[in-house]
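Below is one structure; the comments refer to it alone.
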Amino acid sequence: MTHDHHHPRPASTLELRARALEALLAERGLVSTDAIDAVVALYEHDVGPQNGATVVARAWVDERYRERLLSAANEAIGELGFGGAEGDNMVVVANTPAVHNMIVCTLCSCYPWPVLGLPPTWYKSPPYRARAVAEPRAVLREFGLELGDEVEIRVWDSSAEVRYLVLPMRPADTEAWSEKELAAVVTRDCMIGTAVPTAREQAIA
Amino acid sequence: MSAQTNELATLDRALGAETPLPRDNGELVFEEPWQGRALGMGVVALQRTGASWAEFRRHLVAAIAARPPADGESAATAYYGAWLDALEGLLAERDLLEQAD
């Protein structure tokens, strides 16, 4: 127990150590400040919802994958190489003509980040968290999503244990589209359930 | 799929469930800039030396065990403190570093 690592130092000391190590590595030509900057930027910046869009597009074109996704989401998402280190239990809920799903975290801001990246600010805001459950139809209307009265809205409250992802309906007239083209219309909000994908967005994108 | 999504997923897989990066609801936690620098240094140094993530992880597991968070020290500070220990240990083992001062 004589090793100094048993006596954790305050952050300022660690900061000095980090600087000293970086300087030493730079001196030896092992790392450059630019290379570190590039890596840091990669990890600090927003990670987008592309993983989720890829999962959704696959489910649209592959009925068997869709079944696996709805019955055992973690495994199905893992098949495509996505997943997180937090061990989240993912549940995918599918929209139908009769049921529209949306997700919220009423307690904090639990979010299916391995597939959607970082949550948008509004997702974490108290008004969304409170109103999504109390008046989902009104919230959706504010997002520009008008659903018929015949459509049941199901709100799924995420937690640290279970995180939900909405599987939206495939837009009409997209039979000829490739999986990649399909993924391009699946936005983050579609998978939160505050929007639905439309074939028209493809033309704009 | 963006490059960064893949990079982060790769890093998550490399670190495994035993030594996951500190996160808050999915977002990597860097409380101070040096923590991000430490992460970046590790990634670049491994690329440049050809050391494997498995090798780094062995050092990291040992460093985390040897360095429990001090009173009032955050999980991220403790983690990246151990990360520096691990990186120094790995580099020293490969004779790329004099013993840490």
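The chains in the structure tokens are called A, B, ... from first to last as shown; in each chain the residues are counted from 1, and the ligands are counted from 1 in the order shown.
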
DSSP strand (DSSP E) selection over chain B, as a compact mmCIF listing (two decimals) with N, CA and C atoms, in the first residue's frame:
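Written out: selection.txt:
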```
# COMPACT_ATOMS: atom_id res chain seq x y z
N ARG B 23 -20.56 8.63 -17.94
CA ARG B 23 -21.62 9.24 -18.73
C ARG B 23 -22.71 9.74 -17.81
N ASP B 24 -23.45 10.69 -18.33
CA ASP B 24 -24.67 11.11 -17.67
C ASP B 24 -25.77 11.00 -18.72
N GLU B 27 -24.49 11.04 -22.29
CA GLU B 27 -23.49 12.04 -22.67
C GLU B 27 -22.20 11.76 -21.92
N LEU B 28 -21.10 11.79 -22.65
CA LEU B 28 -19.81 11.65 -21.97
C LEU B 28 -19.65 12.81 -21.01
```

- Task: Skip range 76-87 of chain B itself and residues of its chain fewer than 6 positions away, then list as a ChimeraX atom specification all residues within 7 Å of it, counting only C-alpha atoms.
- Result: /A:11,14,18 /B:22,29-30,35,38,42,56,59-60,63-64,67,69

Per residue of range 33-57 of chain B within 10 Å of range 10-15 of chain B, what are the shortest atom pair and its distance in Å to one decimal, counting only C-alpha atoms, with rows by chain and residue number, as JSON lines?
```
{"residue": "B:Val43", "atom": "CA", "partner": "B:Leu11", "partner_atom": "CA", "distance": 8.7}
{"residue": "B:Ser52", "atom": "CA", "partner": "B:Ala14", "partner_atom": "CA", "distance": 9.1}
{"residue": "B:Trp53", "atom": "CA", "partner": "B:Ala14", "partner_atom": "CA", "distance": 5.8}
{"residue": "B:Ala54", "atom": "CA", "partner": "B:Ala14", "partner_atom": "CA", "distance": 7.2}
{"residue": "B:Phe56", "atom": "CA", "partner": "B:Leu15", "partner_atom": "CA", "distance": 8.8}
{"residue": "B:Arg57", "atom": "CA", "partner": "B:Leu15", "partner_atom": "CA", "distance": 6.4}
```

- Message: Need the shell around Ser109 in chain A: protein/DNA/RNA residues with any atom at most 12 Å away, counting only C-alpha atoms. Skip same-chain ones fewer than 3 positions apart. Format as a list in words?
- Response: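 Contacts, with the query itself left out: Ile103, Val104, Cys105, Thr106, Pro112, Trp113, Leu118, Pro119, Pro120, Thr121, Trp122, Tyr123, Lys124, Ser125, Pro126, Tyr128, Arg129, Ala130, Asp157, Ser158, Ser159, Ala160 and Arg163 of chain A; Asp24, Asn25, Gly26 and Glu27 of chain B.
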
With N, CA and C atoms retained, write the just-selected residues as a compact mmCIF listing (two decimals), in the first residue's frame.
```txt
# COMPACT_ATOMS: atom_id res chain seq x y z
N ILE A 103 -42.36 8.88 -26.46
CA ILE A 103 -41.58 8.58 -25.26
C ILE A 103 -41.26 9.86 -24.49
N VAL A 104 -41.08 9.68 -23.21
CA VAL A 104 -40.79 10.78 -22.31
C VAL A 104 -40.02 10.17 -21.15
N CYS A 105 -39.38 11.00 -20.37
CA CYS A 105 -38.87 10.55 -19.08
C CYS A 105 -39.38 11.56 -18.08
N THR A 106 -40.41 11.17 -17.33
CA THR A 106 -41.04 12.14 -16.42
C THR A 106 -40.13 12.49 -15.24
N PRO A 112 -32.85 6.80 -25.05
CA PRO A 112 -32.14 5.66 -25.66
C PRO A 112 -30.92 6.12 -26.44
N TRP A 113 -29.92 6.62 -25.74
CA TRP A 113 -28.80 7.28 -26.41
C TRP A 113 -27.98 6.38 -27.34
N LEU A 118 -27.63 12.13 -28.36
CA LEU A 118 -27.93 12.94 -27.17
C LEU A 118 -29.34 13.50 -27.24
N PRO A 119 -30.00 13.60 -26.09
CA PRO A 119 -31.38 14.09 -26.11
C PRO A 119 -31.45 15.58 -26.43
N PRO A 120 -32.50 15.98 -27.17
CA PRO A 120 -32.68 17.41 -27.42
C PRO A 120 -33.06 18.12 -26.12
N THR A 121 -32.81 19.41 -26.10
CA THR A 121 -33.05 20.18 -24.87
C THR A 121 -34.50 20.08 -24.41
N TRP A 122 -35.42 20.15 -25.38
CA TRP A 122 -36.83 20.13 -24.96
C TRP A 122 -37.21 18.83 -24.29
N TYR A 123 -36.53 17.74 -24.67
CA TYR A 123 -36.84 16.45 -24.06
C TYR A 123 -36.57 16.49 -22.56
N LYS A 124 -35.56 17.28 -22.20
CA LYS A 124 -35.18 17.36 -20.79
C LYS A 124 -35.97 18.42 -20.04
N SER A 125 -36.77 19.20 -20.75
CA SER A 125 -37.43 20.35 -20.11
C SER A 125 -38.63 19.90 -19.28
N PRO A 126 -38.82 20.54 -18.12
CA PRO A 126 -39.96 20.18 -17.27
C PRO A 126 -41.31 20.25 -17.99
N TYR A 128 -42.18 19.61 -21.12
CA TYR A 128 -42.40 18.42 -21.94
C TYR A 128 -42.62 17.20 -21.05
N ARG A 129 -41.81 17.08 -20.02
CA ARG A 129 -41.89 15.91 -19.15
C ARG A 129 -43.24 15.82 -18.47
N ALA A 130 -43.77 16.97 -18.10
CA ALA A 130 -45.06 16.97 -17.40
C ALA A 130 -46.22 16.82 -18.39
N ASP A 157 -43.05 6.01 -20.41
CA ASP A 157 -42.19 6.73 -19.47
C ASP A 157 -40.88 5.96 -19.27
N SER A 158 -39.82 6.55 -19.78
CA SER A 158 -38.51 5.89 -19.71
C SER A 158 -37.96 5.95 -18.30
N SER A 159 -37.04 5.06 -18.05
CA SER A 159 -36.37 5.07 -16.75
C SER A 159 -34.95 4.59 -16.97
N ALA A 160 -34.20 4.56 -15.90
CA ALA A 160 -32.83 4.07 -16.04
C ALA A 160 -32.84 2.60 -16.43
N ARG A 163 -35.58 1.82 -21.57
CA ARG A 163 -35.60 2.97 -22.48
C ARG A 163 -36.33 2.57 -23.75
N ASP B 24 -23.45 10.69 -18.33
CA ASP B 24 -24.67 11.11 -17.67
C ASP B 24 -25.77 11.00 -18.72
N ASN B 25 -26.59 10.00 -18.57
CA ASN B 25 -27.65 9.75 -19.55
C ASN B 25 -27.13 9.74 -20.98
N GLY B 26 -26.04 9.04 -21.17
CA GLY B 26 -25.54 8.88 -22.52
C GLY B 26 -24.48 9.88 -22.93
N GLU B 27 -24.49 11.04 -22.29
CA GLU B 27 -23.49 12.04 -22.67
C GLU B 27 -22.20 11.76 -21.92
```

- Query: Among chain B, which ones does DSSP place in alpha helix (DSSP H), written as number ranges by chain?
  - Reply: B: 3-15, 33-49, 53-66, 75-93

- Query: Distance CA of Thr19 in chain B-CA of Ser12 in chain A, one decimal place?
  - Reply: 23.2 Å

I want to know what sits within 9 Å of Ala45 in chain B, based on only C-alpha atoms, with residues of the same chain fewer than 5 positions away left out; could you give that as a compact mmCIF listing (two decimals) with N, CA and C atoms, in the first residue's frame?
```
# COMPACT_ATOMS: atom_id res chain seq x y z
N LEU A 25 4.58 13.35 -24.39
CA LEU A 25 4.23 12.55 -25.56
C LEU A 25 4.44 13.34 -26.85
N LEU A 30 4.88 11.16 -30.19
CA LEU A 30 3.85 10.11 -30.10
C LEU A 30 2.45 10.67 -30.31
N VAL A 31 2.23 11.86 -29.82
CA VAL A 31 0.93 12.50 -30.06
C VAL A 31 1.18 13.96 -30.41
N GLY B 40 -8.46 11.84 -25.16
CA GLY B 40 -7.88 12.00 -26.50
C GLY B 40 -6.46 11.48 -26.58
N GLY B 50 0.43 1.33 -31.45
CA GLY B 50 -0.04 0.00 -31.85
C GLY B 50 -0.45 -0.86 -30.66
N ALA B 51 -0.48 -0.25 -29.48
CA ALA B 51 -0.94 -1.01 -28.30
C ALA B 51 -2.43 -1.30 -28.46
N LEU B 87 -2.53 4.96 -18.65
CA LEU B 87 -1.78 5.35 -19.84
C LEU B 87 -0.28 5.42 -19.54
N LEU B 91 2.58 3.01 -21.22
CA LEU B 91 3.71 3.60 -21.94
C LEU B 91 5.03 3.23 -21.27
```

- Counting only C-alpha atoms, figure out which residue out of A:Leu107, A:Ala98, A:Ala59, A:Val115 gets nearest to chain B. A:Val115

- Pick out the residues sitting within 6 Å of Pro49 in chain A, and hand them over as a count of residues only; count only C-alpha atoms, and ignore anything fewer than 4 positions along from it in its own chain. 4

- Item | Residue with smallest distance to Phe143 in chain A - pool A:Leu16, A:Val93, A:Val196, A:Ala172, counting only C-alpha atoms |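 Closest to Phe143 in chain A, using only C-alpha atoms: A:Val196.
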
- Message: Could you tell me how far CA of Cys108 in chain A sits from CA of Pro68 in chain B, in Å to one decimal place?
- Response: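 Pair CA of Pro68 in chain B / CA of Cys108 in chain A returns 27.9 Å.
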
- Close residues, Glu22 in chain A itself excluded, 9 Å, only C-alpha atoms, min 4 positions apart in chain, as a list in words: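 Result of the neighbour search: Arg17, Ala18, Ala26, Glu27, Val31, Ser32 and Thr33 of chain A; Arg37, Ala38 and Met41 of chain B.
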
Output the selection as a PDB file, in the first residue's frame - C-alpha atoms for each residue.
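Output contents, as saved in again_8.pdb:
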```
ATOM      1  CA  ARG A  17      -0.228  15.573 -14.743  1.00  0.00           C
ATOM      2  CA  ALA A  18      -2.362  15.447 -17.874  1.00  0.00           C
ATOM      3  CA  ALA A  26       4.343  15.481 -27.948  1.00  0.00           C
ATOM      4  CA  GLU A  27       8.084  15.826 -27.384  1.00  0.00           C
ATOM      5  CA  VAL A  31       0.932  12.503 -30.062  1.00  0.00           C
ATOM      6  CA  SER A  32       0.341  15.937 -31.429  1.00  0.00           C
ATOM      7  CA  THR A  33      -1.928  18.537 -29.911  1.00  0.00           C
TER       8      THR A  33
ATOM      9  CA  ARG B  37      -7.512  15.687 -23.171  1.00  0.00           C
ATOM     10  CA  ALA B  38      -6.703  12.532 -21.196  1.00  0.00           C
ATOM     11  CA  MET B  41      -4.293  11.274 -25.481  1.00  0.00           C
TER      12      MET B  41
END
```

- For chain A, which of B:Ala17, B:Ala65, B:Gly89, B:Glu55 is the closest residue, counting only C-alpha atoms? B:Ala17

- Selected residue, from A:Leu165, A:Val92, A:Ala184, A:Ala134, that lies nearest to chain B when counting only C-alpha atoms: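 Looking only at the distances to chain B, the closest residue turns out to be A:Ala184.
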
- Query: At what distance in Å, to one decimal, does CA of Ala73 in chain A lie from CA of Asn89 in chain A?
  - Reply: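 Those two atoms sit 8.1 Å apart.
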